[in-house]
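> For reference, this is data.pdb, and it has PDB, C-alpha atoms.
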ATOM      1  CA  LYS A  25      68.816  82.673 116.828  1.00  0.00           C
ATOM      2  CA  GLN A  26      71.024  84.088 114.078  1.00  0.00           C
ATOM      3  CA  GLU A  27      74.416  82.415 113.675  1.00  0.00           C
ATOM      4  CA  VAL A  28      77.161  83.491 111.297  1.00  0.00           C
ATOM      5  CA  THR A  29      79.878  81.107 110.169  1.00  0.00           C
ATOM      6  CA  GLN A  30      83.000  81.921 108.202  1.00  0.00           C
ATOM      7  CA  ILE A  31      85.055  79.401 106.273  1.00  0.00           C
ATOM      8  CA  PRO A  32      87.983  78.945 106.185  1.00  0.00           C
ATOM      9  CA  ALA A  33      89.217  80.119 109.595  1.00  0.00           C
ATOM     10  CA  ALA A  34      92.642  80.821 108.094  1.00  0.00           C
ATOM     11  CA  LEU A  35      94.025  81.060 104.593  1.00  0.00           C
ATOM     12  CA  SER A  36      97.546  81.503 103.257  1.00  0.00           C
ATOM     13  CA  VAL A  37      98.108  82.343  99.590  1.00  0.00           C
ATOM     14  CA  PRO A  38     100.973  83.577  97.411  1.00  0.00           C
ATOM     15  CA  GLU A  39     100.843  87.145  96.177  1.00  0.00           C
ATOM     16  CA  GLY A  40      98.827  87.669  93.012  1.00  0.00           C
ATOM     17  CA  GLU A  41      96.263  84.935  93.604  1.00  0.00           C
ATOM     18  CA  ASN A  42      92.536  85.540  93.394  1.00  0.00           C
ATOM     19  CA  LEU A  43      90.727  84.246  96.466  1.00  0.00           C
ATOM     20  CA  VAL A  44      87.266  83.766  97.927  1.00  0.00           C
ATOM     21  CA  LEU A  45      86.171  84.044 101.537  1.00  0.00           C
ATOM     22  CA  ASN A  46      82.885  82.487 102.565  1.00  0.00           C
ATOM     23  CA  CYS A  47      80.215  83.543 105.042  1.00  0.00           C
ATOM     24  CA  SER A  48      76.957  81.790 105.883  1.00  0.00           C
ATOM     25  CA  PHE A  49      74.073  82.799 108.136  1.00  0.00           C
ATOM     26  CA  THR A  50      71.130  80.842 109.486  1.00  0.00           C
ATOM     27  CA  ASP A  51      68.279  83.388 109.370  1.00  0.00           C
ATOM     28  CA  SER A  52      67.557  85.101 106.062  1.00  0.00           C
ATOM     29  CA  ALA A  53      65.595  87.930 107.756  1.00  0.00           C
ATOM     30  CA  ILE A  54      68.440  90.442 107.590  1.00  0.00           C
ATOM     31  CA  TYR A  55      68.605  94.115 106.654  1.00  0.00           C
ATOM     32  CA  ASN A  56      72.083  93.906 105.207  1.00  0.00           C
ATOM     33  CA  LEU A  57      75.415  92.104 105.302  1.00  0.00           C
ATOM     34  CA  GLN A  58      78.744  93.809 105.811  1.00  0.00           C
ATOM     35  CA  TRP A  59      82.359  92.780 105.355  1.00  0.00           C
ATOM     36  CA  PHE A  60      85.008  94.270 107.632  1.00  0.00           C
ATOM     37  CA  ARG A  61      88.771  94.139 107.745  1.00  0.00           C
ATOM     38  CA  GLN A  62      90.640  94.029 111.051  1.00  0.00           C
ATOM     39  CA  ASP A  63      94.401  94.426 111.392  1.00  0.00           C
ATOM     40  CA  PRO A  64      96.064  92.865 114.461  1.00  0.00           C
ATOM     41  CA  GLY A  65      95.129  94.697 117.648  1.00  0.00           C
ATOM     42  CA  LYS A  66      93.110  97.284 115.743  1.00  0.00           C
ATOM     43  CA  GLY A  67      89.464  98.222 115.261  1.00  0.00           C
ATOM     44  CA  LEU A  68      87.193  97.424 112.334  1.00  0.00           C
ATOM     45  CA  THR A  69      87.382  98.916 108.856  1.00  0.00           C
ATOM     46  CA  SER A  70      84.203  98.587 106.812  1.00  0.00           C
ATOM     47  CA  LEU A  71      84.907  97.235 103.317  1.00  0.00           C
ATOM     48  CA  LEU A  72      81.549  96.589 101.684  1.00  0.00           C
ATOM     49  CA  LEU A  73      77.899  96.723 102.740  1.00  0.00           C
ATOM     50  CA  ILE A  74      75.250  94.851 100.761  1.00  0.00           C
ATOM     51  CA  GLN A  75      71.621  95.732 101.374  1.00  0.00           C
ATOM     52  CA  SER A  76      69.220  92.780 101.564  1.00  0.00           C
ATOM     53  CA  SER A  77      67.698  93.778  98.209  1.00  0.00           C
ATOM     54  CA  GLN A  78      71.090  93.793  96.471  1.00  0.00           C
ATOM     55  CA  ARG A  79      73.069  90.896  94.998  1.00  0.00           C
ATOM     56  CA  GLU A  80      76.574  92.333  95.060  1.00  0.00           C
ATOM     57  CA  GLN A  81      78.814  95.293  95.746  1.00  0.00           C
ATOM     58  CA  THR A  82      82.230  96.140  94.350  1.00  0.00           C
ATOM     59  CA  SER A  83      85.046  98.326  95.570  1.00  0.00           C
ATOM     60  CA  GLY A  84      88.343  98.224  93.720  1.00  0.00           C
ATOM     61  CA  ARG A  85      89.726  94.685  93.856  1.00  0.00           C
ATOM     62  CA  LEU A  86      86.957  93.556  96.214  1.00  0.00           C
ATOM     63  CA  ASN A  87      83.608  92.104  95.212  1.00  0.00           C
ATOM     64  CA  ALA A  88      81.018  90.827  97.664  1.00  0.00           C
ATOM     65  CA  SER A  89      77.939  88.841  96.737  1.00  0.00           C
ATOM     66  CA  LEU A  90      74.832  88.039  98.731  1.00  0.00           C
ATOM     67  CA  ASP A  91      72.364  85.186  98.287  1.00  0.00           C
ATOM     68  CA  LYS A  92      69.869  85.854 101.031  1.00  0.00           C
ATOM     69  CA  SER A  93      67.645  82.882 100.273  1.00  0.00           C
ATOM     70  CA  SER A  94      70.484  80.423 100.746  1.00  0.00           C
ATOM     71  CA  GLY A  95      72.072  82.384 103.606  1.00  0.00           C
ATOM     72  CA  ARG A  96      75.428  82.876 101.912  1.00  0.00           C
ATOM     73  CA  SER A  97      77.850  85.623 101.018  1.00  0.00           C
ATOM     74  CA  THR A  98      81.264  85.558  99.408  1.00  0.00           C
ATOM     75  CA  LEU A  99      84.058  88.110  99.396  1.00  0.00           C
ATOM     76  CA  TYR A 100      86.221  87.892  96.295  1.00  0.00           C
ATOM     77  CA  ILE A 101      89.674  89.501  96.395  1.00  0.00           C
ATOM     78  CA  ALA A 102      91.415  89.848  93.057  1.00  0.00           C
ATOM     79  CA  ALA A 103      95.181  89.889  92.583  1.00  0.00           C
ATOM     80  CA  SER A 104      95.950  89.617  96.298  1.00  0.00           C
ATOM     81  CA  GLN A 105      98.790  91.684  97.804  1.00  0.00           C
ATOM     82  CA  PRO A 106     100.772  91.317 101.053  1.00  0.00           C
ATOM     83  CA  GLY A 107      98.966  94.434 102.304  1.00  0.00           C
ATOM     84  CA  ASP A 108      95.710  92.468 102.169  1.00  0.00           C
ATOM     85  CA  SER A 109      96.919  90.333 105.083  1.00  0.00           C
ATOM     86  CA  ALA A 110      94.402  90.806 107.897  1.00  0.00           C
ATOM     87  CA  THR A 111      91.361  89.180 109.464  1.00  0.00           C
ATOM     88  CA  TYR A 112      88.169  89.556 107.454  1.00  0.00           C
ATOM     89  CA  LEU A 113      84.890  89.596 109.375  1.00  0.00           C
ATOM     90  CA  CYS A 114      81.391  89.124 108.029  1.00  0.00           C
ATOM     91  CA  ALA A 115      78.404  90.565 109.917  1.00  0.00           C
ATOM     92  CA  VAL A 116      74.657  90.568 109.346  1.00  0.00           C
ATOM     93  CA  GLN A 117      72.352  93.248 110.652  1.00  0.00           C
ATOM     94  CA  GLY A 118      68.900  92.410 111.912  1.00  0.00           C
ATOM     95  CA  GLY A 119      66.596  92.575 114.909  1.00  0.00           C
ATOM     96  CA  SER A 120      64.781  95.480 116.498  1.00  0.00           C
ATOM     97  CA  GLN A 121      67.991  97.277 117.518  1.00  0.00           C
ATOM     98  CA  GLY A 122      69.764  96.628 114.261  1.00  0.00           C
ATOM     99  CA  ASN A 123      72.698  95.126 116.120  1.00  0.00           C
ATOM    100  CA  LEU A 124      75.375  93.347 114.118  1.00  0.00           C
ATOM    101  CA  ILE A 125      76.006  89.613 114.463  1.00  0.00           C
ATOM    102  CA  PHE A 126      79.520  88.677 113.487  1.00  0.00           C
ATOM    103  CA  GLY A 127      81.290  85.546 112.368  1.00  0.00           C
ATOM    104  CA  LYS A 128      84.629  84.609 113.904  1.00  0.00           C
ATOM    105  CA  GLY A 129      86.540  85.806 110.875  1.00  0.00           C
ATOM    106  CA  THR A 130      88.970  84.453 108.309  1.00  0.00           C
ATOM    107  CA  LYS A 131      92.639  85.229 108.937  1.00  0.00           C
ATOM    108  CA  LEU A 132      94.284  85.891 105.577  1.00  0.00           C
ATOM    109  CA  SER A 133      98.015  85.824 104.979  1.00  0.00           C
ATOM    110  CA  VAL A 134      99.351  86.842 101.557  1.00  0.00           C
ATOM    111  CA  LYS A 135     102.978  85.807 101.053  1.00  0.00           C
ATOM    112  CA  PRO A 136     105.284  87.914  98.852  1.00  0.00           C
TER     113      PRO A 136
ATOM    114  CA  GLU B   3      88.485 107.594 110.056  1.00  0.00           C
ATOM    115  CA  THR B   4      84.880 107.360 111.250  1.00  0.00           C
ATOM    116  CA  GLY B   5      84.862 110.239 113.727  1.00  0.00           C
ATOM    117  CA  VAL B   6      84.127 107.833 116.587  1.00  0.00           C
ATOM    118  CA  THR B   7      86.696 108.021 119.386  1.00  0.00           C
ATOM    119  CA  GLN B   8      87.273 105.777 122.385  1.00  0.00           C
ATOM    120  CA  SER B   9      89.327 106.177 125.529  1.00  0.00           C
ATOM    121  CA  PRO B  10      91.535 104.879 126.890  1.00  0.00           C
ATOM    122  CA  THR B  11      93.230 102.871 124.136  1.00  0.00           C
ATOM    123  CA  HIS B  12      94.611 100.283 126.562  1.00  0.00           C
ATOM    124  CA  LEU B  13      94.288  99.548 130.244  1.00  0.00           C
ATOM    125  CA  ILE B  14      95.176  96.866 132.745  1.00  0.00           C
ATOM    126  CA  LYS B  15      93.036  95.976 135.746  1.00  0.00           C
ATOM    127  CA  THR B  16      93.026  93.241 138.343  1.00  0.00           C
ATOM    128  CA  ARG B  17      90.245  90.779 139.003  1.00  0.00           C
ATOM    129  CA  GLY B  18      87.438  92.238 141.117  1.00  0.00           C
ATOM    130  CA  GLN B  19      88.089  95.847 140.129  1.00  0.00           C
ATOM    131  CA  GLN B  20      85.723  98.118 138.237  1.00  0.00           C
ATOM    132  CA  VAL B  21      86.397  99.835 134.895  1.00  0.00           C
ATOM    133  CA  THR B  22      84.819 102.619 132.837  1.00  0.00           C
ATOM    134  CA  LEU B  23      85.329 102.898 129.094  1.00  0.00           C
ATOM    135  CA  ARG B  24      84.298 105.950 127.089  1.00  0.00           C
ATOM    136  CA  CYS B  25      83.034 106.533 123.580  1.00  0.00           C
ATOM    137  CA  SER B  26      82.389 109.761 121.695  1.00  0.00           C
ATOM    138  CA  SER B  27      79.972 109.287 118.852  1.00  0.00           C
ATOM    139  CA  GLN B  28      80.231 110.759 115.395  1.00  0.00           C
ATOM    140  CA  SER B  29      78.747 114.244 115.112  1.00  0.00           C
ATOM    141  CA  GLY B  30      74.979 114.100 114.680  1.00  0.00           C
ATOM    142  CA  HIS B  31      74.633 110.474 115.797  1.00  0.00           C
ATOM    143  CA  ASN B  32      72.233 109.702 118.641  1.00  0.00           C
ATOM    144  CA  THR B  33      72.812 105.966 119.088  1.00  0.00           C
ATOM    145  CA  VAL B  34      75.774 104.073 120.517  1.00  0.00           C
ATOM    146  CA  SER B  35      76.215 100.297 120.486  1.00  0.00           C
ATOM    147  CA  TRP B  36      78.886  98.447 122.447  1.00  0.00           C
ATOM    148  CA  TYR B  37      80.569  95.190 121.426  1.00  0.00           C
ATOM    149  CA  GLN B  38      83.056  92.872 123.142  1.00  0.00           C
ATOM    150  CA  GLN B  39      85.634  91.038 121.041  1.00  0.00           C
ATOM    151  CA  ALA B  40      87.555  88.286 122.796  1.00  0.00           C
ATOM    152  CA  LEU B  41      90.795  87.081 121.256  1.00  0.00           C
ATOM    153  CA  GLY B  42      90.174  85.026 118.115  1.00  0.00           C
ATOM    154  CA  GLN B  43      86.429  85.695 118.159  1.00  0.00           C
ATOM    155  CA  GLY B  44      84.067  88.013 116.358  1.00  0.00           C
ATOM    156  CA  PRO B  45      82.614  90.997 118.233  1.00  0.00           C
ATOM    157  CA  GLN B  46      79.548  90.272 120.378  1.00  0.00           C
ATOM    158  CA  PHE B  47      76.768  92.788 121.018  1.00  0.00           C
ATOM    159  CA  ILE B  48      76.643  94.019 124.635  1.00  0.00           C
ATOM    160  CA  PHE B  49      73.957  96.720 124.517  1.00  0.00           C
ATOM    161  CA  GLN B  50      72.748  99.788 122.707  1.00  0.00           C
ATOM    162  CA  TYR B  51      71.836 103.279 123.910  1.00  0.00           C
ATOM    163  CA  TYR B  52      69.412 105.422 121.984  1.00  0.00           C
ATOM    164  CA  ARG B  53      68.619 108.939 123.166  1.00  0.00           C
ATOM    165  CA  GLU B  54      70.033 108.243 126.645  1.00  0.00           C
ATOM    166  CA  GLU B  55      68.012 105.050 127.218  1.00  0.00           C
ATOM    167  CA  GLU B  56      69.143 101.427 126.985  1.00  0.00           C
ATOM    168  CA  ASN B  57      67.563 100.066 123.833  1.00  0.00           C
ATOM    169  CA  GLY B  58      68.407  96.403 123.747  1.00  0.00           C
ATOM    170  CA  ARG B  59      70.942  94.094 125.315  1.00  0.00           C
ATOM    171  CA  GLY B  60      72.871  91.010 124.334  1.00  0.00           C
ATOM    172  CA  ASN B  61      73.697  88.034 126.528  1.00  0.00           C
ATOM    173  CA  PHE B  62      75.813  89.856 129.116  1.00  0.00           C
ATOM    174  CA  PRO B  63      75.342  89.908 132.916  1.00  0.00           C
ATOM    175  CA  PRO B  64      74.104  92.991 134.817  1.00  0.00           C
ATOM    176  CA  ARG B  65      77.624  93.859 135.961  1.00  0.00           C
ATOM    177  CA  PHE B  66      77.983  95.270 132.440  1.00  0.00           C
ATOM    178  CA  SER B  67      76.153  98.588 132.504  1.00  0.00           C
ATOM    179  CA  GLY B  68      76.194 101.791 130.539  1.00  0.00           C
ATOM    180  CA  LEU B  69      75.212 105.391 130.254  1.00  0.00           C
ATOM    181  CA  GLN B  70      74.544 107.803 127.448  1.00  0.00           C
ATOM    182  CA  PHE B  71      74.860 111.519 127.988  1.00  0.00           C
ATOM    183  CA  PRO B  72      72.892 114.425 126.463  1.00  0.00           C
ATOM    184  CA  ASN B  73      75.680 114.949 123.924  1.00  0.00           C
ATOM    185  CA  TYR B  74      75.214 111.241 122.992  1.00  0.00           C
ATOM    186  CA  SER B  75      78.647 110.169 124.185  1.00  0.00           C
ATOM    187  CA  SER B  76      78.539 106.941 126.154  1.00  0.00           C
ATOM    188  CA  GLU B  77      80.222 104.973 128.915  1.00  0.00           C
ATOM    189  CA  LEU B  78      80.522 101.248 129.439  1.00  0.00           C
ATOM    190  CA  ASN B  79      81.017 100.190 133.055  1.00  0.00           C
ATOM    191  CA  VAL B  80      82.073  96.730 134.122  1.00  0.00           C
ATOM    192  CA  ASN B  81      81.991  95.792 137.811  1.00  0.00           C
ATOM    193  CA  ALA B  82      83.679  92.879 139.563  1.00  0.00           C
ATOM    194  CA  LEU B  83      86.047  92.241 136.676  1.00  0.00           C
ATOM    195  CA  GLU B  84      86.774  88.637 135.737  1.00  0.00           C
ATOM    196  CA  LEU B  85      89.700  87.250 133.762  1.00  0.00           C
ATOM    197  CA  ASP B  86      87.348  86.463 130.851  1.00  0.00           C
ATOM    198  CA  ASP B  87      86.493  90.169 130.549  1.00  0.00           C
ATOM    199  CA  SER B  88      89.894  90.647 128.891  1.00  0.00           C
ATOM    200  CA  ALA B  89      88.972  91.718 125.359  1.00  0.00           C
ATOM    201  CA  LEU B  90      88.811  94.518 122.823  1.00  0.00           C
ATOM    202  CA  TYR B  91      85.758  96.704 123.517  1.00  0.00           C
ATOM    203  CA  LEU B  92      84.339  98.432 120.470  1.00  0.00           C
ATOM    204  CA  CYS B  93      81.719 101.115 120.295  1.00  0.00           C
ATOM    205  CA  ALA B  94      79.766 102.047 117.206  1.00  0.00           C
ATOM    206  CA  SER B  95      77.643 105.103 116.624  1.00  0.00           C
ATOM    207  CA  SER B  96      74.702 105.542 114.274  1.00  0.00           C
ATOM    208  CA  LEU B  97      71.927 107.925 113.431  1.00  0.00           C
ATOM    209  CA  GLY B  98      68.862 106.179 114.766  1.00  0.00           C
ATOM    210  CA  SER B  99      68.264 102.683 116.014  1.00  0.00           C
ATOM    211  CA  GLY B 100      67.083  99.515 114.371  1.00  0.00           C
ATOM    212  CA  GLY B 101      66.520  98.722 110.762  1.00  0.00           C
ATOM    213  CA  ALA B 102      69.361  99.135 108.356  1.00  0.00           C
ATOM    214  CA  VAL B 103      71.162 102.062 109.978  1.00  0.00           C
ATOM    215  CA  THR B 104      74.886 102.015 109.306  1.00  0.00           C
ATOM    216  CA  GLN B 105      77.092 101.717 112.378  1.00  0.00           C
ATOM    217  CA  TYR B 106      80.472 103.449 112.460  1.00  0.00           C
ATOM    218  CA  PHE B 107      83.082 101.840 114.679  1.00  0.00           C
ATOM    219  CA  GLY B 108      85.696 103.410 116.898  1.00  0.00           C
ATOM    220  CA  PRO B 109      89.251 102.061 117.266  1.00  0.00           C
ATOM    221  CA  GLY B 110      88.457 100.135 120.431  1.00  0.00           C
ATOM    222  CA  THR B 111      89.771  99.885 123.988  1.00  0.00           C
ATOM    223  CA  ARG B 112      91.876  96.865 124.843  1.00  0.00           C
ATOM    224  CA  LEU B 113      91.267  95.687 128.414  1.00  0.00           C
ATOM    225  CA  LEU B 114      93.518  93.193 130.148  1.00  0.00           C
ATOM    226  CA  VAL B 115      92.345  91.724 133.463  1.00  0.00           C
ATOM    227  CA  LEU B 116      95.034  90.073 135.581  1.00  0.00           C
TER     228      LEU B 116
END
Translate the structure of the given file into structure tokens.

Amino acid sequence: KQEVTQIPAALSVPEGENLVLNCSFTDSAIYNLQWFRQDPGKGLTSLLLIQSSQREQTSGRLNASLDKSSGRSTLYIAASQPGDSATYLCAVQGGSQGNLIFGKGTKLSVKP
Amino acid sequence: ETGVTQSPTHLIKTRGQQVTLRCSSQSGHNTVSWYQQALGQGPQFIFQYYREEENGRGNFPPRFSGLQFPNYSSELNVNALELDDSALYLCASSLGSGGAVTQYFGPGTRLLVL
């Protein structure tokens, strides 16, 4: 049974810092891994999707890496801003229906 | 914006009641997946509908049921509501089922059961 774990559960950093969020999964038989952002009380915003054959994806200040063999992904945020404050969720896609299996998220707070 | 809409945005029910949540999929998509997100948790897969048929289910009891219509919009019905059903309900639409199809999420419906 696939399990996704995100560490840390919460993170508080001063503005301008570079930071790394971690995600691990137990079954390497995945189609892809996706990082989402969720603002309080809101739905999910897709940030980056890494196919199983890829090693990383970049979008602006965000870079996500995937090591499928070790069951790990990292989300790197450069030069953090207060507007980056949100919960970041990692999800892997697998199985016959292609349903997503999510971690519990990392709650990020960037202080001005 | 993903083009996926959900209604209502919020609602309050009492224990034992029944509720229906609605999802309109993105144009051209024929698959809808439903997820439940309890407070402080990641979303959990409830079930998926593909071409009007249930196509897979997570670990949820039968009082969670659904429908998909010919226009591929979908409903999630929950009977005999319990306090633990309080959560954000998310639907996601996609073109096709399984494999590496990308799912596009709606804004969610927040349900509070008192």
> With the PyMOL selection byres ((chain A) within 12 of (chain B)) as the selection, what would be picked from this file? Answer as a ChimeraX atom specification, please.
/A:25,27-30,33-34,53-58,60-77,111-131
> Can you find the residues with an atom no farther than 8 Å from (80.5, 92.2, 143.2), counting all atoms listed in the file, and report them as a ChimeraX atom specification?
/B:18,65,81-82
> The PyMOL selection byres ((chain B and resi 14) around 10) on the file shown: which residues, as a PyMOL selection string?
chain B and resi 12-13+15-16+21+88+112-116
> Can you spit out the residues from that selection as a PDB file, in the coordinates of the input, using C-alpha atoms?

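Dumped to result_7.pdb:
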ATOM      1  CA  HIS B  12      94.611 100.283 126.562  1.00  0.00           C
ATOM      2  CA  LEU B  13      94.288  99.548 130.244  1.00  0.00           C
ATOM      3  CA  LYS B  15      93.036  95.976 135.746  1.00  0.00           C
ATOM      4  CA  THR B  16      93.026  93.241 138.343  1.00  0.00           C
ATOM      5  CA  VAL B  21      86.397  99.835 134.895  1.00  0.00           C
ATOM      6  CA  SER B  88      89.894  90.647 128.891  1.00  0.00           C
ATOM      7  CA  ARG B 112      91.876  96.865 124.843  1.00  0.00           C
ATOM      8  CA  LEU B 113      91.267  95.687 128.414  1.00  0.00           C
ATOM      9  CA  LEU B 114      93.518  93.193 130.148  1.00  0.00           C
ATOM     10  CA  VAL B 115      92.345  91.724 133.463  1.00  0.00           C
ATOM     11  CA  LEU B 116      95.034  90.073 135.581  1.00  0.00           C
TER      12      LEU B 116
END
> Fewer than 4 positions away in the same chain doesn't count, so skip those; otherwise give me all residues within 9 Å of stretch 91-100 of chain A, counting only C-alpha atoms, as a count of residues only.
24
> Please expand the PyMOL selection byres ((chain B and resi 9) around 7) into the concrete residues it hits in this file, giving the result as a ChimeraX atom specification.
/B:7-8,10-11,23-25,111
> Record the distance separating atom CA of B:Ser26 and atom CA of B:Glu55, expressed in Å with one decimal.
16.1 Å
> Atom CA of A:Glu41 and atom CA of A:Ser133, how far apart in Å?
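We find that atom CA of A:Ser133 and atom CA of A:Glu41 lie 11.5 Å from each other.
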> To one decimal in Å, tell me the separation between atom CA of B:His31 and atom CA of B:Pro63.
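The value is 26.8 Å.
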